[in-house]
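Here is the structure we will look at, set down as structure tokens.
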Amino acid sequence: LQYRVSWANFVAAGELTLNCQEVSGPGKARLYRLGIKARSVDWVPALFLNVNDSYESSADAESLLPIQAQARLEHGNKLERSSILFDYQNKVARLSDGQTRPLAPNTYDAATLLFILRTLELGSGRTQVVRLLNKETVYTLRAEVELTESVRVGQKDYQVARVAIKQLENGIAQDTLKIRLYLTSDSHRLPILMTPEPAWRT
């Protein structure tokens, strides 16, 4: 899946690619290799910052729980690499810098999170609580289907479910960034649009 990243829906800023491959050998468990690649395009690298990020995860094909995740973040002259090993037997996530984090249920890395949200039941009012482990921090998120509607992306109309993604803090859902994910209402549940509204948008 390939996407255009833009400001205000018209200023092209980057490209985003999602991919999934099944990898397994004889007698081995079926795994999915999930990937996200994001890069800045056009005038953005010249005027602001060259961004070239990639995330890759191995996930169990049945549960979609991540097994190992790697990130490579290139921002200008800064290059950062990190990895996470998900140890379910000991209920701990092991970071590449030697730190550990408690591994609570429904905890995902950046790559698997986007795929797991596509499994959300799409009836209005349906909710799902997931956790995102990003670098050293665990974020608790609530995904809630607000409504179904028709939206136009490019030259095509889609029937979609609009999903609000809010961060839970002390059990209270915060909608600061107003993140909305639009999934097609058919069996494919393709993410066709995502819109945040960061505080610096004005």
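Ordered as shown in the structure tokens, chains take letters A, B, and onward, while each chain numbers its residues from 1 and ligands are numbered from 1 in the order shown.
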Chain A: residues DSSP assigns to strand (DSSP E), reported as a count of residues only: 125
Nearby residues (only C-alpha atoms) at most 12 Å from A:Lys28, same-chain spacing under 3 positions excluded, as number ranges by chain: A: 23-25, 31, 60-61
Keeping only C-alpha atoms, write those residues as a PDB file, in the first residue's frame.
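As a result, out.pdb now contains:
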```pdb
ATOM      1  CA  VAL A  23       7.614 -15.944   5.722  1.00  0.00           C
ATOM      2  CA  SER A  24       7.801 -19.497   6.990  1.00  0.00           C
ATOM      3  CA  GLY A  25       9.802 -22.620   6.407  1.00  0.00           C
ATOM      4  CA  LEU A  31       5.120 -15.384  10.358  1.00  0.00           C
ATOM      5  CA  ASP A  60       2.933 -14.356  14.515  1.00  0.00           C
ATOM      6  CA  ALA A  61       0.531 -14.980  11.632  1.00  0.00           C
TER       7      ALA A  61
END
```
Shell of 10 Å around stretch 100-113 of chain A, only C-alpha atoms, local chain residues under 2 positions omitted, as a PyMOL selection string: chain A and resi 18-20+32-37+54-59+64-71+83-98+115-118+128-140
Could you give me, as a PDB file with C-alpha atoms, in the first residue's frame, the residues within 8 Å of A:Gly76, counting only C-alpha atoms and dropping anything in the same chain fewer than 3 positions from it?
```pdb
ATOM      1  CA  LEU A  49      14.641  18.093   6.769  1.00  0.00           C
ATOM      2  CA  ASN A  50      15.421  14.954   4.808  1.00  0.00           C
ATOM      3  CA  VAL A  51      13.464  12.108   6.393  1.00  0.00           C
ATOM      4  CA  LEU A  79      20.795   8.236  12.043  1.00  0.00           C
TER       5      LEU A  79
END
```
Chain A: residues DSSP assigns to alpha helix (DSSP H), reported as a ChimeraX atom specification: /A:44-47,110-116
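Atom CA of A:Ser124 is found 19.7 Å from atom CA of A:Leu168.
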Interatomic distance (Å, one decimal) between atom CA of A:Arg39 and atom CA of A:Gly14: 5.4 Å
Nearby residues (only C-alpha atoms) at most 12 Å from stretch 186-201 of chain A, same-chain spacing under 2 positions excluded, as number ranges by chain: A: 1-9, 16-18, 114-122, 148, 150-154, 156-166, 175-184
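When only C-alpha atoms are used to compute distances to A:Gln99, the closest of the residues A:Ser185, A:Ser82, A:Arg72, A:Asp42 turns out to be A:Ser82.
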Computed interatomic separation between atom CA of A:Leu73 and atom CA of A:Ala13 (Å):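 If I compute the distance from atom CA of A:Leu73 to atom CA of A:Ala13, I get 16.9 Å.
Remark: for A:Gln167, the closest of the candidate residues A:Glu80, A:Glu74, A:Glu62, A:Glu144 is A:Glu144 (distances computed over only C-alpha atoms).
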Nearest to A:Asn77 by atom-to-atom distance, counting only C-alpha atoms, from A:Val11, A:Ser63, A:Ala143, A:Asn52: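 Result for the nearest residue to A:Asn77: A:Asn52.
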Nearest candidate to A:Arg142 (options A:Gln174, A:Gln155, A:Ser40, A:Gln21; using only C-alpha atoms):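 Among A:Gln174, A:Gln155, A:Ser40, A:Gln21, it is A:Gln174 that comes nearest to A:Arg142.
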